[in-house]
Amino acid sequence: MEKFYLTTPIYYPSGKFHIGTAYTTVLANTIKRYKKARGYDAYLLTGTDEHGQKIEQVAMKEGKTPQEHVDKMAEEAKKLWNLMEIEYDDFIRTTQERHETVVADIFDRLMEQGDIYKSEYEGWYCMPCETYFTERQLVDGKCPDCGREVKKMKEEAYFFNMKKYADRLIQFYHDNPNFILPESRKNELFNNFLKPGLEDLCVSRTSFDWGIKVKKDPKHVIYVWLDALTNYITALGYGSQDDSLMKKYWPADLQLVGKDIIRFHGIYWPIFLMALGLPIPKQIYAHGWIMMKDGKMSKSKGNVIYPEPLIERYGLDAFQYFILREMSFGQDGTFTPESFVERFNFDLCNDLGNLLNRTIGMLNKYFDGKVEKYCDANKELDKTLENYAIGSIAQVENEFDTYYISNAIAETWNLVARTNKYIDETAPWVLYKEEKQEELKSVMYHLVENLRKIAILISPYMKHTSNRILDQLNIPENLRTWDTLHTYDKIANIQVTKTPDVLFARLEKEQEIEAIKGMMK
Ligand code: ME8
């Protein structure tokens, strides 16, 4: 079985996770489920990034030790991923022994190799990002990543000799043009950081204590990014007694990150790996941000929205459908209560829900709920629909394979719309009146078969809806798999339910918009 190793960033457990953080994880989980459905041995890693000054400060404010704080937050994170039914294979915490020991060893080794050296650092420090910037990197005198104030600081520190590897990285970009997706992000990294010449990276701190100590110089704490990035290999047992997972899964096939942290993953991470003599991940995909009408989510604006209340009120499937559909490949998307309610009512209730209800209703009325076997009595109309669906499925697969998830969803809804159109074209109620049995059978066959296909196509991100459709149609287990999608000869002797239940109940628009607004904090 071919393997597929997929990672999310490890999240800072500084506060509750909002829908932006949830987005990366939903995206990763969808890709994992798709890959599994296509026969891969897919392995998904997630976790929490628990060291650093910010965590130390948050804990202090709460009157807790950093360890107490991160223990509580890691549990909260797991609770959320359970609620969202995230099928992760491992959850790494950077305070775990399996991680800390290996990171300290790696630092030692890089020092011995001469890749890390001691010097003094003076620069502009962004506290929330825990990153130093040079004067040139600042944007209007502020942090280029988050736009907040920076402070001039000086300290004794260890540095990683990035310059030594810059040419190799440039060559790597050249030889692997699809290493960073989308291409625009790669060009940005290349033009803004690689071309002007890489600065060496500060990889230790003396200004705080909450981190992994440098073994030979314990007043230094290992800089949070060298610590954090390494999680992707320590979780697989790199540098430990048992590195069988490392042998099996490394290099990663896909690493998902937000656009704000692509610099760390696209430049420093491959260089650290080169220094360790390890293969570089196959692809890094930088996704965009979920924005609100008035810009970024922030507590001070009171526009932060969390997954839990949305899931509780509208269900997991509708929540996932919305955030995946609204976020185009690599671009920002906007969350508005209006668009959420609209997509729910139009896409889910009208387009998909009605297709199922109409089909089951007609089938019960005309044939006592039974579909016998394939036929194509409507000739042209049937063939055109079949060709459309086969083309559409190939397109959905292509979009999934290149991680254009919102396109995959849009294409699936094209198939839903095309199937609804087929009902209008064939007008089964007329066929019924005119007693055209064969033609009517053919219409019903095609409707049930298309619904079966649609249910399978949505299964990576709408598991429950998928099962509810397949259950109501009484599709046997062996016809619920991805490999049964590509032809029309599969179903026979199907008896659909007599009591269809509504997939998505229509929302009262104004009331729900207000309800969602009330969820913002
Ligand atoms: O950066 N929309 O952790 P983090 C989409 N610990 N994605 C968003 C978002 C939004 N509104 N807000 C945040 C870190 N994210 C580091 C990672 S990895 C070795 C270390 C995404 O908790 C953000 O882009 O601050 C990032 O990819 C992820 O959430 C984690 O952010």
# chains A, B, ... in the order shown; residues from 1 in each chain; ligands from 1
>>> closest_atom_pairs(of="chain A", to="ligand 1", cutoff="8 Å", atoms="only C-alpha atoms and all ligand atoms", output="Markdown table")
| residue | atom | partner | partner_atom_place_in_ligand_line | distance |
| --- | --- | --- | --- | --- |
| A:Thr8 | CA | ligand 1 | 18 (S) | 7.4 |
| A:Pro9 | CA | ligand 1 | 18 (S) | 3.9 |
| A:Ile10 | CA | ligand 1 | 18 (S) | 4.6 |
| A:Tyr11 | CA | ligand 1 | 22 (O) | 3.6 |
| A:Tyr12 | CA | ligand 1 | 22 (O) | 4.0 |
| A:Pro13 | CA | ligand 1 | 22 (O) | 6.8 |
| A:Ser14 | CA | ligand 1 | 22 (O) | 7.8 |
| A:Phe17 | CA | ligand 1 | 22 (O) | 7.8 |
| A:His18 | CA | ligand 1 | 12 (N) | 7.5 |
| A:Ile19 | CA | ligand 1 | 11 (N) | 6.9 |
| A:Gly20 | CA | ligand 1 | 10 (C) | 3.3 |
| A:Thr21 | CA | ligand 1 | 29 (O) | 4.1 |
| A:Ala22 | CA | ligand 1 | 29 (O) | 7.5 |
| A:Tyr23 | CA | ligand 1 | 5 (C) | 5.9 |
| A:Thr24 | CA | ligand 1 | 7 (N) | 6.1 |
| A:Thr48 | CA | ligand 1 | 6 (N) | 7.1 |
| A:Asp49 | CA | ligand 1 | 6 (N) | 5.0 |
| A:Glu50 | CA | ligand 1 | 6 (N) | 7.9 |
| A:Trp225 | CA | ligand 1 | 19 (C) | 6.6 |
| A:Ala228 | CA | ligand 1 | 19 (C) | 4.4 |
| A:Leu229 | CA | ligand 1 | 19 (C) | 3.9 |
| A:Thr230 | CA | ligand 1 | 19 (C) | 7.2 |
| A:Asn231 | CA | ligand 1 | 19 (C) | 6.8 |
| A:Tyr232 | CA | ligand 1 | 19 (C) | 7.6 |
| A:Leu256 | CA | ligand 1 | 27 (O) | 7.5 |
| A:Val257 | CA | ligand 1 | 27 (O) | 4.3 |
| A:Gly258 | CA | ligand 1 | 24 (O) | 3.1 |
| A:Lys259 | CA | ligand 1 | 24 (O) | 5.7 |
| A:Asp260 | CA | ligand 1 | 24 (O) | 5.3 |
| A:Ile261 | CA | ligand 1 | 1 (O) | 6.0 |
| A:His265 | CA | ligand 1 | 19 (C) | 7.6 |
| A:Ala286 | CA | ligand 1 | 27 (O) | 7.9 |
| A:His287 | CA | ligand 1 | 5 (C) | 7.2 |
| A:Gly288 | CA | ligand 1 | 5 (C) | 5.9 |
| A:Trp289 | CA | ligand 1 | 2 (N) | 3.4 |
| A:Ile290 | CA | ligand 1 | 2 (N) | 3.8 |
| A:Met291 | CA | ligand 1 | 11 (N) | 5.8 |
| A:Lys296 | CA | ligand 1 | 11 (N) | 6.5 |
| A:Met297 | CA | ligand 1 | 11 (N) | 6.3 |
| A:Asp332 | CA | ligand 1 | 2 (N) | 7.7 |
>>> write_last_selection(atoms="N, CA, C and O atoms", output="compact mmCIF listing (two decimals), in the first residue's frame")
# COMPACT_ATOMS: atom_id res chain seq x y z
N THR A 8 -0.43 18.74 10.00
CA THR A 8 -0.94 20.10 10.22
C THR A 8 0.15 20.82 11.00
O THR A 8 1.04 20.17 11.56
N PRO A 9 0.09 22.15 11.08
CA PRO A 9 1.01 22.81 12.01
C PRO A 9 0.68 22.33 13.41
O PRO A 9 -0.44 21.85 13.65
N ILE A 10 1.62 22.46 14.32
CA ILE A 10 1.24 22.21 15.72
C ILE A 10 0.83 23.57 16.28
O ILE A 10 1.52 24.57 16.10
N TYR A 11 -0.33 23.59 16.92
CA TYR A 11 -0.94 24.86 17.30
C TYR A 11 -0.42 25.37 18.64
O TYR A 11 -0.12 24.57 19.53
N TYR A 12 -0.35 26.69 18.75
CA TYR A 12 -0.01 27.30 20.04
C TYR A 12 -1.18 27.14 20.98
O TYR A 12 -2.27 27.62 20.67
N PRO A 13 -0.99 26.51 22.11
CA PRO A 13 -2.13 26.39 23.03
C PRO A 13 -2.24 27.62 23.91
O PRO A 13 -2.26 27.53 25.12
N SER A 14 -2.32 28.80 23.29
CA SER A 14 -2.37 30.00 24.12
C SER A 14 -3.81 30.37 24.45
O SER A 14 -4.10 30.96 25.48
N PHE A 17 -9.24 27.58 20.31
CA PHE A 17 -9.06 27.55 18.85
C PHE A 17 -10.31 28.07 18.15
O PHE A 17 -11.41 27.61 18.41
N HIS A 18 -10.11 29.01 17.24
CA HIS A 18 -11.26 29.53 16.49
C HIS A 18 -11.40 28.80 15.15
O HIS A 18 -10.64 27.86 14.87
N ILE A 19 -12.34 29.25 14.32
CA ILE A 19 -12.59 28.49 13.08
C ILE A 19 -11.40 28.55 12.12
O ILE A 19 -11.28 27.70 11.24
N GLY A 20 -10.52 29.56 12.28
CA GLY A 20 -9.33 29.65 11.42
C GLY A 20 -8.40 28.48 11.69
O GLY A 20 -7.92 27.81 10.78
N THR A 21 -8.14 28.23 12.96
CA THR A 21 -7.27 27.11 13.34
C THR A 21 -7.93 25.80 12.93
O THR A 21 -7.27 24.88 12.45
N ALA A 22 -9.25 25.76 13.14
CA ALA A 22 -9.97 24.53 12.79
C ALA A 22 -9.88 24.26 11.29
O ALA A 22 -9.86 23.10 10.86
N TYR A 23 -9.79 25.32 10.50
CA TYR A 23 -9.77 25.16 9.05
C TYR A 23 -8.62 24.26 8.58
O TYR A 23 -8.82 23.33 7.81
N THR A 24 -7.40 24.55 9.06
CA THR A 24 -6.24 23.75 8.64
C THR A 24 -6.50 22.27 8.94
O THR A 24 -6.17 21.39 8.14
N THR A 48 0.44 20.08 19.50
CA THR A 48 0.52 21.42 20.08
C THR A 48 1.96 21.85 20.30
O THR A 48 2.82 21.04 20.65
N ASP A 49 2.19 23.13 20.10
CA ASP A 49 3.50 23.77 20.15
C ASP A 49 3.57 24.50 21.49
O ASP A 49 3.05 25.60 21.62
N GLU A 50 4.17 23.86 22.50
CA GLU A 50 3.88 24.27 23.86
C GLU A 50 4.94 25.11 24.56
O GLU A 50 4.76 25.48 25.71
N TRP A 225 11.18 27.85 16.92
CA TRP A 225 10.92 27.26 15.60
C TRP A 225 11.76 26.02 15.32
O TRP A 225 11.30 25.08 14.68
N ALA A 228 9.87 23.60 17.33
CA ALA A 228 8.54 23.28 16.80
C ALA A 228 8.60 22.48 15.50
O ALA A 228 7.91 21.46 15.36
N LEU A 229 9.41 22.92 14.56
CA LEU A 229 9.42 22.26 13.24
C LEU A 229 9.82 20.79 13.34
O LEU A 229 9.33 19.94 12.59
N THR A 230 10.70 20.53 14.30
CA THR A 230 11.22 19.16 14.43
C THR A 230 10.13 18.15 14.81
O THR A 230 10.30 16.96 14.66
N ASN A 231 8.99 18.65 15.29
CA ASN A 231 7.91 17.74 15.71
C ASN A 231 7.52 16.75 14.62
O ASN A 231 7.12 15.63 14.90
N TYR A 232 7.65 17.20 13.36
CA TYR A 232 7.20 16.36 12.25
C TYR A 232 8.01 15.07 12.13
O TYR A 232 7.57 14.11 11.51
N LEU A 256 0.63 20.85 5.55
CA LEU A 256 -0.29 21.98 5.42
C LEU A 256 0.08 23.05 6.43
O LEU A 256 0.27 22.76 7.61
N VAL A 257 0.13 24.28 5.95
CA VAL A 257 0.41 25.40 6.86
C VAL A 257 -0.38 26.62 6.41
O VAL A 257 -0.78 26.71 5.25
N GLY A 258 -0.59 27.56 7.34
CA GLY A 258 -1.20 28.82 6.96
C GLY A 258 -0.17 29.69 6.26
O GLY A 258 1.04 29.49 6.43
N LYS A 259 -0.63 30.65 5.49
CA LYS A 259 0.30 31.48 4.71
C LYS A 259 1.27 32.25 5.60
O LYS A 259 2.36 32.59 5.18
N ASP A 260 0.87 32.50 6.86
CA ASP A 260 1.72 33.27 7.76
C ASP A 260 2.96 32.51 8.21
O ASP A 260 3.92 33.11 8.67
N ILE A 261 2.94 31.18 8.09
CA ILE A 261 4.11 30.43 8.57
C ILE A 261 4.81 29.67 7.44
O ILE A 261 5.59 28.77 7.69
N HIS A 265 8.41 27.12 7.08
CA HIS A 265 8.32 25.77 6.49
C HIS A 265 8.99 25.67 5.12
O HIS A 265 9.41 24.60 4.72
N ALA A 286 0.54 26.17 1.41
CA ALA A 286 0.18 27.32 2.25
C ALA A 286 -1.24 27.75 1.93
O ALA A 286 -1.51 28.23 0.84
N HIS A 287 -2.14 27.56 2.89
CA HIS A 287 -3.51 27.97 2.64
C HIS A 287 -3.74 29.40 3.11
O HIS A 287 -2.93 29.97 3.85
N GLY A 288 -4.85 29.97 2.64
CA GLY A 288 -5.17 31.35 3.00
C GLY A 288 -5.85 31.41 4.37
O GLY A 288 -5.94 30.42 5.08
N TRP A 289 -6.32 32.58 4.69
CA TRP A 289 -6.94 32.81 6.00
C TRP A 289 -8.43 32.99 5.90
O TRP A 289 -8.93 33.53 4.92
N ILE A 290 -9.12 32.54 6.93
CA ILE A 290 -10.54 32.86 7.05
C ILE A 290 -10.62 34.26 7.64
O ILE A 290 -10.12 34.51 8.74
N MET A 291 -11.21 35.16 6.89
CA MET A 291 -11.34 36.54 7.33
C MET A 291 -12.79 36.82 7.70
O MET A 291 -13.71 36.10 7.30
N LYS A 296 -9.27 40.67 9.99
CA LYS A 296 -8.88 39.49 10.77
C LYS A 296 -9.76 39.30 11.99
O LYS A 296 -10.28 40.27 12.52
N MET A 297 -9.85 38.03 12.43
CA MET A 297 -10.58 37.78 13.67
C MET A 297 -9.73 38.28 14.83
O MET A 297 -8.53 38.01 14.87
N ASP A 332 -7.49 33.73 0.66
CA ASP A 332 -8.33 34.02 1.82
C ASP A 332 -9.79 33.83 1.45
O ASP A 332 -10.15 33.93 0.28
>>> residues_around(residues="A:Tyr422", least_positions_apart="4", cutoff="10 Å", atoms="only C-alpha atoms", output="list of chain:residue names")
A:Leu381, A:Asp382, A:Thr384, A:Leu385, A:Val416, A:Ala417, A:Arg418, A:Thr426, A:Ala427, A:Pro428, A:Val443, A:His446, A:Leu447
>>> write_last_selection(atoms="C-alpha atoms", output="short mmCIF file (atom, residue, chain, number, x, y, z; two decimals), in the first residue's frame")
data_model
loop_
_atom_site.label_atom_id
_atom_site.label_comp_id
_atom_site.auth_asym_id
_atom_site.auth_seq_id
_atom_site.Cartn_x
_atom_site.Cartn_y
_atom_site.Cartn_z
CA LEU A 381 -30.82 12.00 -22.27
CA ASP A 382 -29.45 9.10 -20.27
CA THR A 384 -25.60 12.64 -21.86
CA LEU A 385 -26.15 12.48 -18.13
CA VAL A 416 -25.98 17.72 -8.17
CA ALA A 417 -27.35 20.54 -10.33
CA ARG A 418 -26.97 18.49 -13.52
CA THR A 426 -37.08 13.70 -18.46
CA ALA A 427 -40.21 14.89 -16.54
CA PRO A 428 -40.87 11.56 -14.81
CA VAL A 443 -34.87 7.78 -14.95
CA HIS A 446 -30.04 7.10 -13.03
CA LEU A 447 -31.22 9.26 -10.15
#
>>> residues_around(residues="stretch 475-490 of chain A", least_positions_apart="4", cutoff="10 Å", atoms="only C-alpha atoms", output="short mmCIF file (atom, residue, chain, number, x, y, z; two decimals) with C-alpha atoms, in the first residue's frame")
data_model
loop_
_atom_site.label_atom_id
_atom_site.label_comp_id
_atom_site.auth_asym_id
_atom_site.auth_seq_id
_atom_site.Cartn_x
_atom_site.Cartn_y
_atom_site.Cartn_z
CA TYR A 34 -9.84 11.15 0.47
CA LYS A 36 -7.69 6.60 2.42
CA ALA A 37 -10.67 6.19 0.13
CA ARG A 38 -8.23 6.01 -2.79
CA GLY A 39 -6.36 3.15 -1.17
CA LYS A 373 -31.30 -2.98 -12.88
CA TYR A 374 -29.54 -0.68 -15.28
CA CYS A 375 -31.36 0.48 -18.38
CA GLU A 386 -23.85 9.48 -17.77
CA ASN A 387 -21.08 11.12 -19.75
CA ALA A 389 -21.20 12.40 -14.43
CA ILE A 390 -18.18 10.33 -15.48
CA GLY A 391 -16.40 13.51 -16.60
CA ILE A 393 -16.07 12.49 -11.20
CA ALA A 394 -12.73 12.57 -13.01
CA TYR A 445 -32.13 4.15 -11.95
CA HIS A 446 -30.04 7.10 -13.03
CA VAL A 448 -30.41 6.66 -7.52
CA GLU A 449 -27.07 5.90 -9.13
CA ASN A 450 -26.10 9.57 -9.29
CA ARG A 452 -24.94 7.09 -4.75
CA LYS A 453 -22.02 8.65 -6.63
CA ILE A 454 -22.58 12.04 -5.02
CA ALA A 455 -22.74 10.49 -1.55
CA ILE A 456 -19.35 8.85 -2.12
CA LEU A 457 -17.83 12.04 -3.56
CA SER A 459 -17.71 11.37 2.02
CA SER A 466 -22.96 10.64 2.90
CA ASN A 467 -24.03 7.77 5.13
CA ILE A 469 -27.98 9.24 1.78
CA LEU A 470 -26.55 5.76 1.28
CA ASP A 471 -28.62 4.40 4.16
CA ILE A 494 -32.28 -1.74 -4.52
CA GLN A 495 -35.17 -1.08 -2.17
CA VAL A 496 -35.09 2.50 -0.87
#
>>> residues_around(residues="A:Leu254", least_positions_apart="3", cutoff="8 Å", atoms="only C-alpha atoms", output="MDAnalysis selection string")
chainID A and resid 4:7 281:285
>>> residues_around(residues="stretch 138-141 of chain A", least_positions_apart="2", cutoff="12 Å", atoms="only C-alpha atoms", output="PDB file with N, CA and C atoms, in the first residue's frame")
ATOM      1  N   GLY A 123      18.483  42.990  17.280  1.00  0.00           N
ATOM      2  CA  GLY A 123      17.517  43.130  16.196  1.00  0.00           C
ATOM      3  C   GLY A 123      16.179  43.578  16.711  1.00  0.00           C
ATOM      4  N   TRP A 124      15.239  43.599  15.818  1.00  0.00           N
ATOM      5  CA  TRP A 124      13.873  44.000  16.157  1.00  0.00           C
ATOM      6  C   TRP A 124      13.089  42.735  16.463  1.00  0.00           C
ATOM      7  N   TYR A 125      12.569  42.683  17.678  1.00  0.00           N
ATOM      8  CA  TYR A 125      11.933  41.448  18.146  1.00  0.00           C
ATOM      9  C   TYR A 125      10.420  41.622  18.214  1.00  0.00           C
ATOM     10  N   CYS A 126       9.718  40.674  17.603  1.00  0.00           N
ATOM     11  CA  CYS A 126       8.262  40.682  17.720  1.00  0.00           C
ATOM     12  C   CYS A 126       7.893  39.636  18.755  1.00  0.00           C
ATOM     13  N   THR A 131       9.968  36.257  17.076  1.00  0.00           N
ATOM     14  CA  THR A 131      10.883  36.275  15.952  1.00  0.00           C
ATOM     15  C   THR A 131      11.628  37.618  15.907  1.00  0.00           C
ATOM     16  N   TYR A 132      12.908  37.488  15.610  1.00  0.00           N
ATOM     17  CA  TYR A 132      13.700  38.692  15.362  1.00  0.00           C
ATOM     18  C   TYR A 132      13.601  39.070  13.892  1.00  0.00           C
ATOM     19  N   PHE A 133      13.599  40.360  13.624  1.00  0.00           N
ATOM     20  CA  PHE A 133      13.650  40.819  12.236  1.00  0.00           C
ATOM     21  C   PHE A 133      14.782  41.825  12.088  1.00  0.00           C
ATOM     22  N   THR A 134      15.292  41.900  10.863  1.00  0.00           N
ATOM     23  CA  THR A 134      16.266  42.947  10.580  1.00  0.00           C
ATOM     24  C   THR A 134      15.468  44.197  10.221  1.00  0.00           C
ATOM     25  N   GLU A 135      16.134  45.315  10.270  1.00  0.00           N
ATOM     26  CA  GLU A 135      15.505  46.598   9.930  1.00  0.00           C
ATOM     27  C   GLU A 135      14.799  46.491   8.569  1.00  0.00           C
ATOM     28  N   ARG A 136      15.518  45.866   7.626  1.00  0.00           N
ATOM     29  CA  ARG A 136      15.032  45.775   6.255  1.00  0.00           C
ATOM     30  C   ARG A 136      13.736  44.955   6.139  1.00  0.00           C
ATOM     31  N   CYS A 143       6.101  44.473  12.605  1.00  0.00           N
ATOM     32  CA  CYS A 143       6.357  43.069  12.282  1.00  0.00           C
ATOM     33  C   CYS A 143       5.786  42.717  10.901  1.00  0.00           C
ATOM     34  N   PRO A 144       6.621  42.142  10.006  1.00  0.00           N
ATOM     35  CA  PRO A 144       6.113  41.823   8.663  1.00  0.00           C
ATOM     36  C   PRO A 144       5.107  40.675   8.651  1.00  0.00           C
ATOM     37  N   ASP A 145       5.081  39.872   9.722  1.00  0.00           N
ATOM     38  CA  ASP A 145       4.157  38.740   9.752  1.00  0.00           C
ATOM     39  C   ASP A 145       2.801  39.108  10.346  1.00  0.00           C
ATOM     40  N   CYS A 146       2.829  39.831  11.488  1.00  0.00           N
ATOM     41  CA  CYS A 146       1.545  40.087  12.151  1.00  0.00           C
ATOM     42  C   CYS A 146       1.190  41.557  12.232  1.00  0.00           C
ATOM     43  N   GLY A 147       2.148  42.433  11.843  1.00  0.00           N
ATOM     44  CA  GLY A 147       1.839  43.859  11.803  1.00  0.00           C
ATOM     45  C   GLY A 147       1.870  44.548  13.161  1.00  0.00           C
ATOM     46  N   ARG A 148       2.330  43.817  14.188  1.00  0.00           N
ATOM     47  CA  ARG A 148       2.340  44.460  15.506  1.00  0.00           C
ATOM     48  C   ARG A 148       3.674  45.165  15.790  1.00  0.00           C
ATOM     49  N   GLU A 149       3.723  45.911  16.928  1.00  0.00           N
ATOM     50  CA  GLU A 149       4.929  46.650  17.329  1.00  0.00           C
ATOM     51  C   GLU A 149       6.108  45.696  17.537  1.00  0.00           C
ATOM     52  N   VAL A 150       7.320  46.164  17.202  1.00  0.00           N
ATOM     53  CA  VAL A 150       8.518  45.373  17.492  1.00  0.00           C
ATOM     54  C   VAL A 150       9.422  46.184  18.439  1.00  0.00           C
ATOM     55  N   LYS A 151      10.317  45.471  19.147  1.00  0.00           N
ATOM     56  CA  LYS A 151      11.151  46.136  20.141  1.00  0.00           C
ATOM     57  C   LYS A 151      12.609  45.841  19.829  1.00  0.00           C
ATOM     58  N   LYS A 152      13.493  46.839  19.967  1.00  0.00           N
ATOM     59  CA  LYS A 152      14.921  46.581  19.726  1.00  0.00           C
ATOM     60  C   LYS A 152      15.496  45.800  20.911  1.00  0.00           C
ATOM     61  N   ASN A 192      11.706  37.531  -1.799  1.00  0.00           N
ATOM     62  CA  ASN A 192      11.873  38.354  -0.593  1.00  0.00           C
ATOM     63  C   ASN A 192      12.947  37.848   0.357  1.00  0.00           C
TER      64      ASN A 192
END
>>> select_by_dssp(residues="stretch 238-459 of chain A", states="strand (DSSP E)", output="list of chain:residue names")
A:Leu254, A:Gln255, A:Leu256, A:Val257, A:Gly258, A:Ile284, A:Tyr285, A:Ala286, A:His287, A:Ile290, A:Met291, A:Met292, A:Gly333, A:Thr334, A:Phe335, A:Lys370, A:Val371
>>> atom_distance(atom1="atom CA of A:Ser300", atom2="atom CA of A:Lys521")
8.9 Å
>>> closest_atom_pairs(of="stretch 157-246 of chain A", to="stretch 91-111 of chain A", cutoff="8 Å", atoms="only C-alpha atoms", output="tab-separated table")
residue	atom	partner	partner_atom	distance
A:Ile212	CA	A:Glu100	CA	6.3
A:Lys213	CA	A:Ala104	CA	7.0
A:Val214	CA	A:Ala104	CA	6.2
A:Lys215	CA	A:Ala104	CA	6.4
A:Lys216	CA	A:Asp108	CA	7.7
A:Ile222	CA	A:Phe107	CA	8.0
A:Asp227	CA	A:Val103	CA	6.2
A:Ala228	CA	A:Thr94	CA	6.9
A:Thr230	CA	A:Val103	CA	7.1
A:Asn231	CA	A:His99	CA	6.8
A:Thr234	CA	A:His99	CA	5.5
A:Ala235	CA	A:Ile92	CA	6.1
A:Gly237	CA	A:Arg98	CA	7.6
A:Tyr238	CA	A:Val102	CA	7.6
A:Gly239	CA	A:Val102	CA	5.9
A:Ser240	CA	A:Val102	CA	7.2
>>> select_by_dssp(residues="stretch 7-146 of chain A", states="helix (DSSP H, G or I)", output="PyMOL selection string")
chain A and resi 19-37+53-61+66-83+97-112+135-137
>>> closest_residue(among="A:Phe400, A:Phe272, A:Leu507, A:Tyr432", to="A:Lys35", atoms="only C-alpha atoms")
A:Phe400
>>> residues_around(residues="stretch 318-328 of chain A", least_positions_apart="4", cutoff="8 Å", atoms="only C-alpha atoms", output="PyMOL selection string")
chain A and resi 23+26-27+288+290+307+310-311+314+332-335+340+343-344+348+404-407+409-410+461-462
>>> residues_around(residues="A:Ala59", least_positions_apart="6", cutoff="10 Å", atoms="only C-alpha atoms", output="number ranges by chain")
A: 14, 53, 65-70
>>> write_last_selection(atoms="N, CA and C atoms", output="compact mmCIF listing (two decimals), in the first residue's frame")
# COMPACT_ATOMS: atom_id res chain seq x y z
N SER A 14 -2.32 28.80 23.29
CA SER A 14 -2.37 30.00 24.12
C SER A 14 -3.81 30.37 24.45
N GLN A 53 7.86 32.06 25.11
CA GLN A 53 7.57 33.15 26.04
C GLN A 53 6.08 33.44 26.16
N THR A 65 1.26 27.23 36.36
CA THR A 65 2.59 26.99 35.80
C THR A 65 2.39 26.75 34.31
N PRO A 66 3.43 27.00 33.51
CA PRO A 66 3.28 26.72 32.06
C PRO A 66 2.83 25.29 31.80
N GLN A 67 3.38 24.34 32.58
CA GLN A 67 3.02 22.94 32.36
C GLN A 67 1.53 22.69 32.63
N GLU A 68 1.04 23.28 33.73
CA GLU A 68 -0.40 23.12 34.03
C GLU A 68 -1.24 23.69 32.90
N HIS A 69 -0.81 24.86 32.43
CA HIS A 69 -1.57 25.51 31.36
C HIS A 69 -1.59 24.64 30.09
N VAL A 70 -0.43 24.18 29.66
CA VAL A 70 -0.41 23.42 28.40
C VAL A 70 -1.09 22.06 28.53
>>> atom_distance(atom1="atom CA of A:Val341", atom2="atom CA of A:Ile423")
26.2 Å
>>> closest_residue(among="A:Val502, A:Ile267, A:Leu316, A:Ile55", to="A:Met73", atoms="only C-alpha atoms")
A:Ile55
>>> closest_residue(among="A:Ile180, A:Met292, A:Leu276, A:Val224", to="A:Arg263", atoms="only C-alpha atoms")
A:Ile180
>>> atom_distance(atom1="atom CA of A:Met162", atom2="atom CA of A:Lys195")
13.3 Å
>>> closest_residue(among="A:Val221, A:Ile262, A:Leu273, A:Leu169", to="A:Gly197", atoms="only C-alpha atoms")
A:Leu169
>>> closest_residue(among="A:Glu399, A:Asp317, A:Glu435, A:Glu155", to="A:Phe504", atoms="only C-alpha atoms")
A:Asp317
